[in-house]
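**Q** The structure's right below; bear with me while I get my questions together.
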Amino acid sequence: MSSAERTVQISGSTVIVCPNAEAASRVAAESIAATIDSALKSRGKAILGLATGATPEVVYANLAARHRAGGLSFQKVVTYNLDEYYPIQPIDPLSYRSYMHRHLFSRVDLPANQAHVLDGTVPEAFVREHTAEFDRWIEADGGLDLQLLGIGRNGHIGFNEPAEWSVAEAAAAPTRLVELHPVTRADAVREFGDAAKVIPRALTMGVKQILSARAIVMLATGPRKASIVAQALRGPVTTAVPASLLQTVADRVVWILDEPAAAELGS
Ligand code: F6R
């Protein structure tokens, strides 16, 4: 970490504030590479939970560059992605499987059968079986060493959207099929090009699995995230802001922000 970053504790979580998004992405990539290294040393494999979206693109570019430079292998890494649109074909350029292929899987030596993304082609009658199986695979692998997260403008993590259920119910939510929140659908127009084309449902890893990760890295950059970051870190734990549930496992969470995303945190 360079001296340009500052680290503070908020609601029990570590918060690293970087001068810009590139520096924040580099710190996130460093943390993932360090987790891979230590998990390989202690258990011979590393289990990563990964996110998609605009925010982590530079993180994946950084990890791919480290791989090309010879310092980082994914041979013994197993990955589980947070979410996938439903229904969608994996070869659809808008699928998160395609996103991961473009940004990471095709650029590193991760064996194909160790890169797991929820399957948007499963018949609806079998979705429950598929999502339960996804949770079982993670558990059989010994749980996630690190979960990389982004935050939606409505506070979602994965596609666990704001909801009117209790904190206990949300914290127990398994991997499942969900309806996307209007804010999430509006933000997805960036990818789909047209509001009418946005796929309104998705498969998402549940909050239970996310909160069970041995380390959670939340990366948020840009001024559009400032308000929700402050609510999630400083506000009450509420299912109206799903990322606020990270406060319940605060000692395992590191927030990596750029200055614009940290702007409403106060001192
Ligand atoms: C993506 C995911 C979402 C995003 C969030 C932020 O796999 O789970 O929760 O992390 O919507 O997206 P961006 O980075 O595009 O602002």
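Every chain in the structure tokens has a letter given in the order shown (A, B, ...), and although residue numbers restart at 1 in each chain, ligands are simply numbered from 1 in the order shown.
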Hey, which residues sit close to ligand 1? Say within 10 Å, counting only C-alpha atoms and all ligand atoms, and write them as a PDB file with N, CA and C atoms, in the first residue's frame.
**A**
```pdb
ATOM      1  N   GLY A  49     -14.816 -15.746  -4.422  1.00  0.00           N
ATOM      2  CA  GLY A  49     -16.125 -15.287  -4.902  1.00  0.00           C
ATOM      3  C   GLY A  49     -15.888 -14.017  -5.706  1.00  0.00           C
ATOM      4  N   LEU A  50     -16.413 -13.963  -6.924  1.00  0.00           N
ATOM      5  CA  LEU A  50     -16.112 -12.833  -7.812  1.00  0.00           C
ATOM      6  C   LEU A  50     -17.360 -12.045  -8.180  1.00  0.00           C
ATOM      7  N   ALA A  51     -17.141 -10.789  -8.542  1.00  0.00           N
ATOM      8  CA  ALA A  51     -18.230  -9.886  -8.926  1.00  0.00           C
ATOM      9  C   ALA A  51     -18.034  -9.451 -10.377  1.00  0.00           C
ATOM     10  N   THR A  52     -19.103  -8.983 -10.987  1.00  0.00           N
ATOM     11  CA  THR A  52     -19.009  -8.394 -12.324  1.00  0.00           C
ATOM     12  C   THR A  52     -19.346  -6.897 -12.209  1.00  0.00           C
ATOM     13  N   GLY A  53     -19.752  -6.278 -13.316  1.00  0.00           N
ATOM     14  CA  GLY A  53     -20.083  -4.850 -13.281  1.00  0.00           C
ATOM     15  C   GLY A  53     -18.892  -4.018 -13.723  1.00  0.00           C
ATOM     16  N   ALA A  54     -19.106  -2.703 -13.767  1.00  0.00           N
ATOM     17  CA  ALA A  54     -18.058  -1.795 -14.244  1.00  0.00           C
ATOM     18  C   ALA A  54     -16.900  -1.718 -13.248  1.00  0.00           C
ATOM     19  N   THR A  55     -17.222  -1.742 -11.944  1.00  0.00           N
ATOM     20  CA  THR A  55     -16.198  -1.456 -10.926  1.00  0.00           C
ATOM     21  C   THR A  55     -15.000  -2.408 -10.964  1.00  0.00           C
ATOM     22  N   PRO A  56     -15.198  -3.741 -11.044  1.00  0.00           N
ATOM     23  CA  PRO A  56     -14.017  -4.613 -10.932  1.00  0.00           C
ATOM     24  C   PRO A  56     -13.218  -4.821 -12.214  1.00  0.00           C
ATOM     25  N   GLU A  57     -13.601  -4.160 -13.318  1.00  0.00           N
ATOM     26  CA  GLU A  57     -12.893  -4.421 -14.582  1.00  0.00           C
ATOM     27  C   GLU A  57     -11.383  -4.206 -14.453  1.00  0.00           C
ATOM     28  N   ASN A  81     -18.937 -17.061  -9.143  1.00  0.00           N
ATOM     29  CA  ASN A  81     -19.445 -15.700  -9.369  1.00  0.00           C
ATOM     30  C   ASN A  81     -20.720 -15.440  -8.586  1.00  0.00           C
ATOM     31  N   LEU A  82     -20.902 -14.171  -8.261  1.00  0.00           N
ATOM     32  CA  LEU A  82     -22.049 -13.774  -7.446  1.00  0.00           C
ATOM     33  C   LEU A  82     -23.387 -13.989  -8.139  1.00  0.00           C
ATOM     34  N   ASP A  83     -23.443 -13.719  -9.450  1.00  0.00           N
ATOM     35  CA  ASP A  83     -24.778 -13.666 -10.055  1.00  0.00           C
ATOM     36  C   ASP A  83     -24.744 -13.862 -11.561  1.00  0.00           C
ATOM     37  N   GLU A  84     -25.930 -14.027 -12.119  1.00  0.00           N
ATOM     38  CA  GLU A  84     -26.102 -14.176 -13.570  1.00  0.00           C
ATOM     39  C   GLU A  84     -27.543 -13.820 -13.908  1.00  0.00           C
ATOM     40  N   TYR A  85     -27.730 -13.160 -15.038  1.00  0.00           N
ATOM     41  CA  TYR A  85     -29.098 -12.878 -15.482  1.00  0.00           C
ATOM     42  C   TYR A  85     -29.835 -14.187 -15.731  1.00  0.00           C
ATOM     43  N   TYR A  96     -23.052 -12.698 -17.605  1.00  0.00           N
ATOM     44  CA  TYR A  96     -21.899 -12.519 -16.723  1.00  0.00           C
ATOM     45  C   TYR A  96     -20.845 -13.588 -16.977  1.00  0.00           C
ATOM     46  N   TYR A  99     -18.856 -11.914 -19.623  1.00  0.00           N
ATOM     47  CA  TYR A  99     -18.074 -10.846 -18.977  1.00  0.00           C
ATOM     48  C   TYR A  99     -16.816 -11.446 -18.327  1.00  0.00           C
ATOM     49  N   MET A 100     -17.013 -12.534 -17.557  1.00  0.00           N
ATOM     50  CA  MET A 100     -15.875 -13.130 -16.845  1.00  0.00           C
ATOM     51  C   MET A 100     -14.865 -13.705 -17.821  1.00  0.00           C
ATOM     52  N   LEU A 148     -15.240 -10.895  -3.377  1.00  0.00           N
ATOM     53  CA  LEU A 148     -15.144  -9.535  -3.923  1.00  0.00           C
ATOM     54  C   LEU A 148     -16.567  -9.044  -4.187  1.00  0.00           C
ATOM     55  N   LEU A 149     -16.874  -7.851  -3.699  1.00  0.00           N
ATOM     56  CA  LEU A 149     -18.214  -7.287  -3.887  1.00  0.00           C
ATOM     57  C   LEU A 149     -18.129  -5.904  -4.532  1.00  0.00           C
ATOM     58  N   GLY A 150     -19.214  -5.547  -5.231  1.00  0.00           N
ATOM     59  CA  GLY A 150     -19.480  -4.162  -5.591  1.00  0.00           C
ATOM     60  C   GLY A 150     -20.780  -3.790  -4.880  1.00  0.00           C
ATOM     61  N   ILE A 151     -21.152  -2.545  -4.952  1.00  0.00           N
ATOM     62  CA  ILE A 151     -22.404  -2.123  -4.310  1.00  0.00           C
ATOM     63  C   ILE A 151     -23.291  -1.443  -5.350  1.00  0.00           C
ATOM     64  N   GLY A 152     -24.565  -1.816  -5.374  1.00  0.00           N
ATOM     65  CA  GLY A 152     -25.515  -1.140  -6.251  1.00  0.00           C
ATOM     66  C   GLY A 152     -25.879   0.220  -5.660  1.00  0.00           C
ATOM     67  N   ARG A 153     -26.405   1.119  -6.480  1.00  0.00           N
ATOM     68  CA  ARG A 153     -26.801   2.436  -5.961  1.00  0.00           C
ATOM     69  C   ARG A 153     -27.930   2.314  -4.944  1.00  0.00           C
ATOM     70  N   ASN A 154     -28.628   1.182  -4.951  1.00  0.00           N
ATOM     71  CA  ASN A 154     -29.670   0.943  -3.950  1.00  0.00           C
ATOM     72  C   ASN A 154     -29.149   0.082  -2.794  1.00  0.00           C
ATOM     73  N   GLY A 155     -27.843  -0.144  -2.752  1.00  0.00           N
ATOM     74  CA  GLY A 155     -27.246  -0.895  -1.645  1.00  0.00           C
ATOM     75  C   GLY A 155     -27.221  -2.396  -1.860  1.00  0.00           C
ATOM     76  N   HIS A 156     -27.601  -2.869  -3.059  1.00  0.00           N
ATOM     77  CA  HIS A 156     -27.592  -4.332  -3.225  1.00  0.00           C
ATOM     78  C   HIS A 156     -26.171  -4.888  -3.204  1.00  0.00           C
ATOM     79  N   ILE A 157     -26.073  -6.146  -2.759  1.00  0.00           N
ATOM     80  CA  ILE A 157     -24.815  -6.913  -2.857  1.00  0.00           C
ATOM     81  C   ILE A 157     -25.165  -8.191  -3.597  1.00  0.00           C
ATOM     82  N   GLY A 158     -24.333  -8.567  -4.597  1.00  0.00           N
ATOM     83  CA  GLY A 158     -24.825  -9.542  -5.568  1.00  0.00           C
ATOM     84  C   GLY A 158     -26.103  -8.927  -6.122  1.00  0.00           C
ATOM     85  N   PHE A 159     -27.136  -9.735  -6.303  1.00  0.00           N
ATOM     86  CA  PHE A 159     -28.446  -9.156  -6.631  1.00  0.00           C
ATOM     87  C   PHE A 159     -29.413  -9.362  -5.462  1.00  0.00           C
ATOM     88  N   ASN A 160     -28.880  -9.292  -4.250  1.00  0.00           N
ATOM     89  CA  ASN A 160     -29.737  -9.265  -3.062  1.00  0.00           C
ATOM     90  C   ASN A 160     -30.209  -7.827  -2.924  1.00  0.00           C
ATOM     91  N   GLU A 161     -31.464  -7.623  -3.309  1.00  0.00           N
ATOM     92  CA  GLU A 161     -32.014  -6.281  -3.451  1.00  0.00           C
ATOM     93  C   GLU A 161     -32.655  -5.802  -2.139  1.00  0.00           C
ATOM     94  N   VAL A 183     -34.147   0.280  -9.547  1.00  0.00           N
ATOM     95  CA  VAL A 183     -32.866   1.008  -9.660  1.00  0.00           C
ATOM     96  C   VAL A 183     -31.829   0.142 -10.384  1.00  0.00           C
ATOM     97  N   THR A 184     -31.826  -1.146 -10.079  1.00  0.00           N
ATOM     98  CA  THR A 184     -30.875  -2.070 -10.724  1.00  0.00           C
ATOM     99  C   THR A 184     -31.188  -2.186 -12.210  1.00  0.00           C
ATOM    100  N   ARG A 185     -32.499  -2.252 -12.529  1.00  0.00           N
ATOM    101  CA  ARG A 185     -32.883  -2.358 -13.947  1.00  0.00           C
ATOM    102  C   ARG A 185     -32.501  -1.071 -14.689  1.00  0.00           C
ATOM    103  N   ASP A 187     -30.035   0.941 -13.934  1.00  0.00           N
ATOM    104  CA  ASP A 187     -28.583   0.972 -14.121  1.00  0.00           C
ATOM    105  C   ASP A 187     -28.130  -0.024 -15.188  1.00  0.00           C
ATOM    106  N   ALA A 188     -28.907  -1.100 -15.389  1.00  0.00           N
ATOM    107  CA  ALA A 188     -28.527  -2.128 -16.373  1.00  0.00           C
ATOM    108  C   ALA A 188     -28.759  -1.659 -17.810  1.00  0.00           C
ATOM    109  N   ARG A 190     -27.318   0.649 -19.133  1.00  0.00           N
ATOM    110  CA  ARG A 190     -25.947   0.888 -19.616  1.00  0.00           C
ATOM    111  C   ARG A 190     -25.424  -0.330 -20.403  1.00  0.00           C
ATOM    112  N   GLU A 191     -25.702  -1.537 -19.891  1.00  0.00           N
ATOM    113  CA  GLU A 191     -25.234  -2.749 -20.575  1.00  0.00           C
ATOM    114  C   GLU A 191     -26.165  -3.154 -21.715  1.00  0.00           C
ATOM    115  N   THR A 204     -28.845 -15.159  -7.969  1.00  0.00           N
ATOM    116  CA  THR A 204     -27.832 -14.493  -7.135  1.00  0.00           C
ATOM    117  C   THR A 204     -27.391 -15.366  -5.979  1.00  0.00           C
ATOM    118  N   MET A 205     -26.112 -15.297  -5.684  1.00  0.00           N
ATOM    119  CA  MET A 205     -25.622 -15.890  -4.446  1.00  0.00           C
ATOM    120  C   MET A 205     -26.374 -15.219  -3.299  1.00  0.00           C
ATOM    121  N   MET A 218     -15.039  -5.147  -0.367  1.00  0.00           N
ATOM    122  CA  MET A 218     -16.061  -4.340  -1.049  1.00  0.00           C
ATOM    123  C   MET A 218     -15.358  -3.197  -1.757  1.00  0.00           C
ATOM    124  N   LEU A 219     -15.490  -3.150  -3.072  1.00  0.00           N
ATOM    125  CA  LEU A 219     -14.851  -2.089  -3.856  1.00  0.00           C
ATOM    126  C   LEU A 219     -15.931  -1.159  -4.394  1.00  0.00           C
ATOM    127  N   ALA A 220     -15.823   0.124  -4.076  1.00  0.00           N
ATOM    128  CA  ALA A 220     -16.798   1.100  -4.578  1.00  0.00           C
ATOM    129  C   ALA A 220     -16.044   2.348  -5.016  1.00  0.00           C
ATOM    130  N   THR A 221     -16.350   2.794  -6.219  1.00  0.00           N
ATOM    131  CA  THR A 221     -15.653   3.965  -6.758  1.00  0.00           C
ATOM    132  C   THR A 221     -16.646   4.919  -7.413  1.00  0.00           C
ATOM    133  N   GLY A 222     -16.285   6.185  -7.427  1.00  0.00           N
ATOM    134  CA  GLY A 222     -17.069   7.192  -8.142  1.00  0.00           C
ATOM    135  C   GLY A 222     -18.114   7.864  -7.272  1.00  0.00           C
ATOM    136  N   ARG A 224     -21.221   8.488  -7.722  1.00  0.00           N
ATOM    137  CA  ARG A 224     -22.574   7.923  -7.691  1.00  0.00           C
ATOM    138  C   ARG A 224     -22.757   6.943  -6.530  1.00  0.00           C
ATOM    139  N   LYS A 225     -21.656   6.469  -5.952  1.00  0.00           N
ATOM    140  CA  LYS A 225     -21.746   5.493  -4.863  1.00  0.00           C
ATOM    141  C   LYS A 225     -21.624   6.157  -3.477  1.00  0.00           C
ATOM    142  N   ALA A 243     -26.267  -3.884   1.793  1.00  0.00           N
ATOM    143  CA  ALA A 243     -24.840  -3.837   2.134  1.00  0.00           C
ATOM    144  C   ALA A 243     -24.604  -3.468   3.602  1.00  0.00           C
TER     145      ALA A 243
END
```
**Q** Per residue of stretch 65-131 of chain A within 12 Å of stretch 171-174 of chain A, which atom pair is closest and at what distance in Å (one decimal), using only C-alpha atoms, listed by chain and increasing number, as JSON lines?
**A**
```
{"residue": "A:Leu82", "atom": "CA", "partner": "A:Pro174", "partner_atom": "CA", "distance": 11.9}
{"residue": "A:Arg128", "atom": "CA", "partner": "A:Pro174", "partner_atom": "CA", "distance": 9.9}
{"residue": "A:Glu129", "atom": "CA", "partner": "A:Pro174", "partner_atom": "CA", "distance": 11.7}
{"residue": "A:His130", "atom": "CA", "partner": "A:Pro174", "partner_atom": "CA", "distance": 11.6}
{"residue": "A:Thr131", "atom": "CA", "partner": "A:Pro174", "partner_atom": "CA", "distance": 8.0}
```
**Q** Keeping only all heavy atoms, write the selected residues to a file as an mmCIF file, in the first residue's frame.
**A**
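Here's the written file part-v6.cif:
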```
data_model
loop_
_atom_site.group_PDB
_atom_site.id
_atom_site.type_symbol
_atom_site.label_atom_id
_atom_site.label_comp_id
_atom_site.auth_asym_id
_atom_site.auth_seq_id
_atom_site.Cartn_x
_atom_site.Cartn_y
_atom_site.Cartn_z
ATOM 1 N N LEU A 82 -20.902 -14.171 -8.261
ATOM 2 C CA LEU A 82 -22.049 -13.774 -7.446
ATOM 3 C C LEU A 82 -23.387 -13.989 -8.139
ATOM 4 O O LEU A 82 -24.374 -14.319 -7.487
ATOM 5 C CB LEU A 82 -21.967 -12.275 -7.151
ATOM 6 C CG LEU A 82 -21.078 -11.809 -6.009
ATOM 7 C CD1 LEU A 82 -20.960 -10.288 -6.075
ATOM 8 C CD2 LEU A 82 -21.676 -12.237 -4.675
ATOM 9 N N ARG A 128 -34.201 -24.133 -8.428
ATOM 10 C CA ARG A 128 -33.954 -24.331 -6.990
ATOM 11 C C ARG A 128 -32.864 -25.366 -6.748
ATOM 12 O O ARG A 128 -31.991 -25.195 -5.896
ATOM 13 C CB ARG A 128 -35.235 -24.819 -6.327
ATOM 14 C CG ARG A 128 -35.762 -23.882 -5.294
ATOM 15 C CD ARG A 128 -37.082 -24.448 -4.805
ATOM 16 N NE ARG A 128 -38.070 -23.419 -4.706
ATOM 17 C CZ ARG A 128 -38.306 -22.746 -3.590
ATOM 18 N NH1 ARG A 128 -37.634 -23.021 -2.503
ATOM 19 N NH2 ARG A 128 -39.209 -21.799 -3.575
ATOM 20 N N GLU A 129 -32.949 -26.450 -7.521
ATOM 21 C CA GLU A 129 -31.951 -27.510 -7.407
ATOM 22 C C GLU A 129 -30.563 -26.963 -7.775
ATOM 23 O O GLU A 129 -29.578 -27.243 -7.099
ATOM 24 C CB GLU A 129 -32.316 -28.609 -8.399
ATOM 25 C CG GLU A 129 -32.245 -30.008 -7.837
ATOM 26 C CD GLU A 129 -32.885 -30.984 -8.811
ATOM 27 O OE1 GLU A 129 -34.129 -31.121 -8.774
ATOM 28 O OE2 GLU A 129 -32.144 -31.553 -9.616
ATOM 29 N N HIS A 130 -30.530 -26.180 -8.857
ATOM 30 C CA HIS A 130 -29.251 -25.640 -9.336
ATOM 31 C C HIS A 130 -28.640 -24.674 -8.317
ATOM 32 O O HIS A 130 -27.442 -24.755 -8.011
ATOM 33 C CB HIS A 130 -29.464 -24.925 -10.681
ATOM 34 C CG HIS A 130 -28.250 -24.209 -11.177
ATOM 35 N ND1 HIS A 130 -27.031 -24.828 -11.362
ATOM 36 C CD2 HIS A 130 -28.053 -22.908 -11.523
ATOM 37 C CE1 HIS A 130 -26.146 -23.946 -11.793
ATOM 38 N NE2 HIS A 130 -26.739 -22.778 -11.896
ATOM 39 N N THR A 131 -29.474 -23.783 -7.767
ATOM 40 C CA THR A 131 -28.924 -22.787 -6.837
ATOM 41 C C THR A 131 -28.504 -23.455 -5.515
ATOM 42 O O THR A 131 -27.490 -23.070 -4.919
ATOM 43 C CB THR A 131 -29.931 -21.647 -6.576
ATOM 44 O OG1 THR A 131 -31.182 -22.198 -6.166
ATOM 45 C CG2 THR A 131 -30.135 -20.800 -7.827
#
```
**Q** Nearest to A:Ala132: which of A:Arg68, A:Arg176, A:Arg6, A:Arg43 is it, counting only C-alpha atoms?
**A**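 Once distances to A:Ala132 are computed over only C-alpha atoms, the minimum belongs to A:Arg176.
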**Q** From stretch 54-251 of chain A, collect each residue whose DSSP state is helix (DSSP H, G or I) and return the set as a ChimeraX atom specification.
**A** /A:57-68,96-103,105-107,112-114,124-140,167-171,182-192,195-197,207-212,223-234,242-251
**Q** Can you pull out every residue within 9 Å of A:Ser73, counting only C-alpha atoms, but drop anything in the same chain fewer than 6 positions away, and send it as a list in words?
**A** Ile36, Arg66, His67, Val108, Asp109 and Leu110 of chain A
**Q** When you draw a straight line from atom CA of A:Glu259 to atom CA of A:Pro223, how long is it in Å?
**A**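 Those two atoms sit 8.4 Å apart.
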**Q** Residues at most 9 Å from A:Leu246, counting only C-alpha atoms, excluding those fewer than 6 positions away in the same chain, as an MDAnalysis selection string?
**A** chainID A and resid 13 211 216 232:233 237 252:253
**Q** At a cut-off of 10 Å, using only C-alpha atoms, what residues contact A:Ile199? Leave out same-chain residues fewer than 4 positions from it and give the result as a list in words.
**A**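 Selected residues are Tyr85, Tyr86, Pro87, Ile88, Leu94, Glu179, Leu180, Arg185, Ala188, Val189, Phe192 and Ala195 of chain A.
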**Q** Keeping only N, CA and C atoms, write those residues as a PDB file, in the first residue's frame.
**A**
```pdb
ATOM      1  N   TYR A  85     -27.730 -13.160 -15.038  1.00  0.00           N
ATOM      2  CA  TYR A  85     -29.098 -12.878 -15.482  1.00  0.00           C
ATOM      3  C   TYR A  85     -29.835 -14.187 -15.731  1.00  0.00           C
ATOM      4  N   TYR A  86     -31.174 -14.137 -15.645  1.00  0.00           N
ATOM      5  CA  TYR A  86     -31.976 -15.334 -15.894  1.00  0.00           C
ATOM      6  C   TYR A  86     -33.241 -14.955 -16.641  1.00  0.00           C
ATOM      7  N   PRO A  87     -33.537 -15.621 -17.769  1.00  0.00           N
ATOM      8  CA  PRO A  87     -32.664 -16.591 -18.422  1.00  0.00           C
ATOM      9  C   PRO A  87     -31.686 -15.880 -19.349  1.00  0.00           C
ATOM     10  N   ILE A  88     -30.559 -16.534 -19.595  1.00  0.00           N
ATOM     11  CA  ILE A  88     -29.585 -15.996 -20.569  1.00  0.00           C
ATOM     12  C   ILE A  88     -28.670 -17.133 -21.012  1.00  0.00           C
ATOM     13  N   LEU A  94     -23.923 -10.290 -23.167  1.00  0.00           N
ATOM     14  CA  LEU A  94     -24.407  -9.607 -21.964  1.00  0.00           C
ATOM     15  C   LEU A  94     -24.407 -10.512 -20.729  1.00  0.00           C
ATOM     16  N   GLU A 179     -36.129 -11.150  -8.509  1.00  0.00           N
ATOM     17  CA  GLU A 179     -36.568 -10.061  -9.406  1.00  0.00           C
ATOM     18  C   GLU A 179     -35.622  -8.885  -9.170  1.00  0.00           C
ATOM     19  N   LEU A 180     -35.188  -8.243 -10.227  1.00  0.00           N
ATOM     20  CA  LEU A 180     -34.313  -7.080 -10.054  1.00  0.00           C
ATOM     21  C   LEU A 180     -35.121  -5.842  -9.670  1.00  0.00           C
ATOM     22  N   ARG A 185     -32.499  -2.252 -12.529  1.00  0.00           N
ATOM     23  CA  ARG A 185     -32.883  -2.358 -13.947  1.00  0.00           C
ATOM     24  C   ARG A 185     -32.501  -1.071 -14.689  1.00  0.00           C
ATOM     25  N   ALA A 188     -28.907  -1.100 -15.389  1.00  0.00           N
ATOM     26  CA  ALA A 188     -28.527  -2.128 -16.373  1.00  0.00           C
ATOM     27  C   ALA A 188     -28.759  -1.659 -17.810  1.00  0.00           C
ATOM     28  N   VAL A 189     -29.452  -0.540 -17.988  1.00  0.00           N
ATOM     29  CA  VAL A 189     -29.659  -0.001 -19.347  1.00  0.00           C
ATOM     30  C   VAL A 189     -28.292   0.308 -19.978  1.00  0.00           C
ATOM     31  N   PHE A 192     -27.489  -3.059 -21.474  1.00  0.00           N
ATOM     32  CA  PHE A 192     -28.464  -3.593 -22.439  1.00  0.00           C
ATOM     33  C   PHE A 192     -28.824  -2.590 -23.538  1.00  0.00           C
ATOM     34  N   ALA A 195     -34.091   0.130 -22.076  1.00  0.00           N
ATOM     35  CA  ALA A 195     -34.789  -0.334 -20.864  1.00  0.00           C
ATOM     36  C   ALA A 195     -35.649  -1.566 -21.145  1.00  0.00           C
TER      37      ALA A 195
END
```
**Q** Go through A:Leu245, A:Val207, A:Ala61, A:Val78 and flag the residue nearest A:Ala46, using only C-alpha atoms for the distances.
**A** A:Val78
**Q** Which is closest to A:Gly206 among A:Thr175, A:Ser106, A:Ser227, A:Thr239, if we use only C-alpha atoms?
**A**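 Closest candidate: A:Thr175.
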**Q** My list of candidates is A:Lys76, A:Lys208, A:Arg26, A:His181. Which is closest to A:Lys45 when distances are computed with only C-alpha atoms?
**A** A:Lys76
**Q** Of the residues A:Glu124, A:Ser42, A:Val249, A:Gln9, which is the one nearest to A:Arg201, using only C-alpha atoms?
**A**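 Checking each candidate against A:Arg201, we get A:Glu124 as the closest.
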**Q** For each of A:Ile228, A:Val217, A:Ala4, A:Leu40, take the minimum atom-to-atom distance to A:Val59, counting only C-alpha atoms, then give the residue where this is smallest.
**A** A:Val217
**Q** If I take atom CA of A:Ile10 and atom CA of A:Ala24, how far is one from the other in Å, to one decimal?
**A**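 Atom CA of A:Ile10 sits 17.7 Å away from atom CA of A:Ala24.
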**Q** Write out as a ChimeraX atom specification all residues of stretch 1-70 of chain A that DSSP puts in strand (DSSP E) for this structure's backbone.
**A** /A:6-10,13-18,46-50
